[in-house]
Amino acid sequence: MAVCKICGKKKVVGNNVSHANNKTKRVFNPNLQRIRIQTERGAKRAYVCSRCLRSGKIKKAV
């Protein structure tokens, strides 16, 4: 899976824990969106998490 270009957020591994305390592996995936961002060299497509989009850490390309 991809990684956020701004903050470096990626998937994290944890456990599903049942009522009987059985543990099985699971994956927490970040909410990544593939959008066009504005860079010094022009517009570029990149994976950015929704947290970075909402907080205004990037400038969207038109």
# chains A, B, ... in the order shown; residues from 1 in each chain; ligands from 1
>>> residues_around(residues="range 44-50 of chain A", least_positions_apart="6", cutoff="9 Å", atoms="only C-alpha atoms", output="number ranges by chain")
A: 2-9, 30-38, 58, 61
>>> write_last_selection(atoms="N, CA and C atoms", output="CSV table (one decimal), in the first residue's frame")
chain,number,residue,atom,x,y,z
A,2,ALA,N,0.3,2.4,-0.4
A,2,ALA,CA,1.1,3.6,-0.5
A,2,ALA,C,1.3,4.3,0.9
A,3,VAL,N,2.1,5.3,0.9
A,3,VAL,CA,2.4,6.1,2.1
A,3,VAL,C,2.1,7.5,1.8
A,4,CYS,N,1.6,8.2,2.9
A,4,CYS,CA,1.3,9.7,2.7
A,4,CYS,C,2.6,10.4,2.4
A,5,LYS,N,2.5,11.2,1.4
A,5,LYS,CA,3.7,12.0,0.9
A,5,LYS,C,4.1,13.1,1.9
A,6,ILE,N,3.1,13.6,2.7
A,6,ILE,CA,3.4,14.7,3.6
A,6,ILE,C,3.9,14.2,5.0
A,7,CYS,N,3.1,13.3,5.7
A,7,CYS,CA,3.4,13.0,7.0
A,7,CYS,C,4.0,11.6,7.2
A,8,GLY,N,4.0,10.8,6.1
A,8,GLY,CA,4.6,9.5,6.1
A,8,GLY,C,3.8,8.4,6.8
A,9,LYS,N,2.5,8.7,6.9
A,9,LYS,CA,1.6,7.7,7.6
A,9,LYS,C,1.4,6.5,6.6
A,30,PRO,N,-4.4,3.7,6.6
A,30,PRO,CA,-4.7,5.1,6.7
A,30,PRO,C,-5.7,5.5,5.5
A,31,ASN,N,-6.4,6.6,5.7
A,31,ASN,CA,-7.3,7.0,4.6
A,31,ASN,C,-6.5,7.9,3.6
A,32,LEU,N,-6.0,7.2,2.6
A,32,LEU,CA,-5.2,7.9,1.6
A,32,LEU,C,-6.0,8.2,0.4
A,33,GLN,N,-5.7,9.4,-0.2
A,33,GLN,CA,-6.4,9.8,-1.4
A,33,GLN,C,-5.3,10.2,-2.4
A,34,ARG,N,-5.5,9.8,-3.7
A,34,ARG,CA,-4.5,10.1,-4.7
A,34,ARG,C,-5.0,11.3,-5.4
A,35,ILE,N,-4.3,12.4,-5.1
A,35,ILE,CA,-4.7,13.7,-5.7
A,35,ILE,C,-3.5,14.4,-6.3
A,36,ARG,N,-3.9,15.5,-7.1
A,36,ARG,CA,-2.8,16.3,-7.7
A,36,ARG,C,-2.4,17.4,-6.7
A,37,ILE,N,-1.1,17.5,-6.4
A,37,ILE,CA,-0.7,18.5,-5.5
A,37,ILE,C,0.3,19.4,-6.2
A,38,GLN,N,0.4,20.7,-5.7
A,38,GLN,CA,1.3,21.7,-6.3
A,38,GLN,C,2.6,21.6,-5.7
A,58,ILE,N,-1.1,20.9,2.4
A,58,ILE,CA,-0.7,20.9,0.9
A,58,ILE,C,-1.6,21.8,0.2
A,61,ALA,N,-3.5,21.2,-6.8
A,61,ALA,CA,-3.3,21.7,-8.1
A,61,ALA,C,-4.7,21.8,-8.9
>>> select_by_dssp(residues="range 16-50 of chain A", states="strand (DSSP E)", output="PDB file with N, CA and C atoms, in the first residue's frame")
ATOM      1  N   ASN A  16      -6.916  -8.184  16.490  1.00  0.00           N
ATOM      2  CA  ASN A  16      -8.327  -8.289  16.820  1.00  0.00           C
ATOM      3  C   ASN A  16      -8.386  -9.069  18.120  1.00  0.00           C
ATOM      4  N   VAL A  17      -9.105  -8.557  19.096  1.00  0.00           N
ATOM      5  CA  VAL A  17      -9.222  -9.261  20.371  1.00  0.00           C
ATOM      6  C   VAL A  17     -10.689  -9.597  20.586  1.00  0.00           C
ATOM      7  N   LYS A  23      -6.555 -13.659  20.067  1.00  0.00           N
ATOM      8  CA  LYS A  23      -5.924 -12.578  19.312  1.00  0.00           C
ATOM      9  C   LYS A  23      -5.568 -13.044  17.909  1.00  0.00           C
ATOM     10  N   THR A  24      -6.008 -12.294  16.907  1.00  0.00           N
ATOM     11  CA  THR A  24      -5.651 -12.545  15.511  1.00  0.00           C
ATOM     12  C   THR A  24      -5.143 -11.239  14.921  1.00  0.00           C
ATOM     13  N   LYS A  25      -4.220 -11.345  13.984  1.00  0.00           N
ATOM     14  CA  LYS A  25      -3.613 -10.153  13.383  1.00  0.00           C
ATOM     15  C   LYS A  25      -4.620  -9.404  12.518  1.00  0.00           C
ATOM     16  N   ARG A  26      -4.481  -8.086  12.491  1.00  0.00           N
ATOM     17  CA  ARG A  26      -5.267  -7.233  11.621  1.00  0.00           C
ATOM     18  C   ARG A  26      -4.423  -6.034  11.205  1.00  0.00           C
ATOM     19  N   VAL A  27      -4.914  -5.278  10.221  1.00  0.00           N
ATOM     20  CA  VAL A  27      -4.171  -4.143   9.674  1.00  0.00           C
ATOM     21  C   VAL A  27      -5.035  -2.885   9.759  1.00  0.00           C
ATOM     22  N   PHE A  28      -4.449  -1.801  10.235  1.00  0.00           N
ATOM     23  CA  PHE A  28      -5.092  -0.492  10.240  1.00  0.00           C
ATOM     24  C   PHE A  28      -4.533   0.294   9.053  1.00  0.00           C
ATOM     25  N   LEU A  32      -5.972   7.201   2.616  1.00  0.00           N
ATOM     26  CA  LEU A  32      -5.150   7.870   1.609  1.00  0.00           C
ATOM     27  C   LEU A  32      -5.965   8.189   0.366  1.00  0.00           C
ATOM     28  N   GLN A  33      -5.738   9.378  -0.172  1.00  0.00           N
ATOM     29  CA  GLN A  33      -6.392   9.824  -1.399  1.00  0.00           C
ATOM     30  C   GLN A  33      -5.305  10.163  -2.414  1.00  0.00           C
ATOM     31  N   ARG A  34      -5.499   9.751  -3.665  1.00  0.00           N
ATOM     32  CA  ARG A  34      -4.531  10.068  -4.718  1.00  0.00           C
ATOM     33  C   ARG A  34      -4.990  11.350  -5.403  1.00  0.00           C
ATOM     34  N   ILE A  35      -4.298  12.441  -5.136  1.00  0.00           N
ATOM     35  CA  ILE A  35      -4.702  13.744  -5.652  1.00  0.00           C
ATOM     36  C   ILE A  35      -3.527  14.429  -6.329  1.00  0.00           C
ATOM     37  N   ARG A  36      -3.852  15.484  -7.089  1.00  0.00           N
ATOM     38  CA  ARG A  36      -2.817  16.313  -7.721  1.00  0.00           C
ATOM     39  C   ARG A  36      -2.430  17.413  -6.744  1.00  0.00           C
ATOM     40  N   ILE A  37      -1.143  17.477  -6.393  1.00  0.00           N
ATOM     41  CA  ILE A  37      -0.663  18.512  -5.493  1.00  0.00           C
ATOM     42  C   ILE A  37       0.277  19.446  -6.241  1.00  0.00           C
ATOM     43  N   GLN A  38       0.397  20.656  -5.746  1.00  0.00           N
ATOM     44  CA  GLN A  38       1.272  21.661  -6.346  1.00  0.00           C
ATOM     45  C   GLN A  38       2.637  21.582  -5.679  1.00  0.00           C
ATOM     46  N   THR A  39       3.708  21.401  -6.478  1.00  0.00           N
ATOM     47  CA  THR A  39       5.074  21.388  -5.971  1.00  0.00           C
ATOM     48  C   THR A  39       5.872  22.493  -6.647  1.00  0.00           C
ATOM     49  N   GLY A  42       5.949  21.938 -10.375  1.00  0.00           N
ATOM     50  CA  GLY A  42       4.664  21.852 -11.055  1.00  0.00           C
ATOM     51  C   GLY A  42       3.726  20.866 -10.371  1.00  0.00           C
ATOM     52  N   ALA A  43       2.647  20.532 -11.068  1.00  0.00           N
ATOM     53  CA  ALA A  43       1.636  19.637 -10.507  1.00  0.00           C
ATOM     54  C   ALA A  43       2.126  18.192 -10.550  1.00  0.00           C
ATOM     55  N   LYS A  44       1.747  17.429  -9.536  1.00  0.00           N
ATOM     56  CA  LYS A  44       2.193  16.054  -9.436  1.00  0.00           C
ATOM     57  C   LYS A  44       1.127  15.241  -8.698  1.00  0.00           C
ATOM     58  N   ARG A  45       0.921  13.993  -9.116  1.00  0.00           N
ATOM     59  CA  ARG A  45      -0.017  13.115  -8.411  1.00  0.00           C
ATOM     60  C   ARG A  45       0.697  12.460  -7.236  1.00  0.00           C
ATOM     61  N   ALA A  46       0.025  12.439  -6.086  1.00  0.00           N
ATOM     62  CA  ALA A  46       0.634  11.847  -4.889  1.00  0.00           C
ATOM     63  C   ALA A  46      -0.456  11.326  -3.967  1.00  0.00           C
ATOM     64  N   TYR A  47      -0.069  10.384  -3.112  1.00  0.00           N
ATOM     65  CA  TYR A  47      -0.960   9.879  -2.078  1.00  0.00           C
ATOM     66  C   TYR A  47      -0.835  10.778  -0.858  1.00  0.00           C
ATOM     67  N   VAL A  48      -1.981  11.303  -0.392  1.00  0.00           N
ATOM     68  CA  VAL A  48      -2.013  12.186   0.773  1.00  0.00           C
ATOM     69  C   VAL A  48      -3.138  11.707   1.683  1.00  0.00           C
ATOM     70  N   CYS A  49      -2.874  11.655   2.989  1.00  0.00           N
ATOM     71  CA  CYS A  49      -3.920  11.204   3.918  1.00  0.00           C
ATOM     72  C   CYS A  49      -4.940  12.329   4.130  1.00  0.00           C
TER      73      CYS A  49
END
>>> select_by_dssp(residues="chain A", states="alpha helix (DSSP H)", output="PyMOL selection string")
chain A and resi 50-55
>>> atom_distance(atom1="CA of Asn15 in chain A", atom2="CA of Arg51 in chain A")
23.8 Å
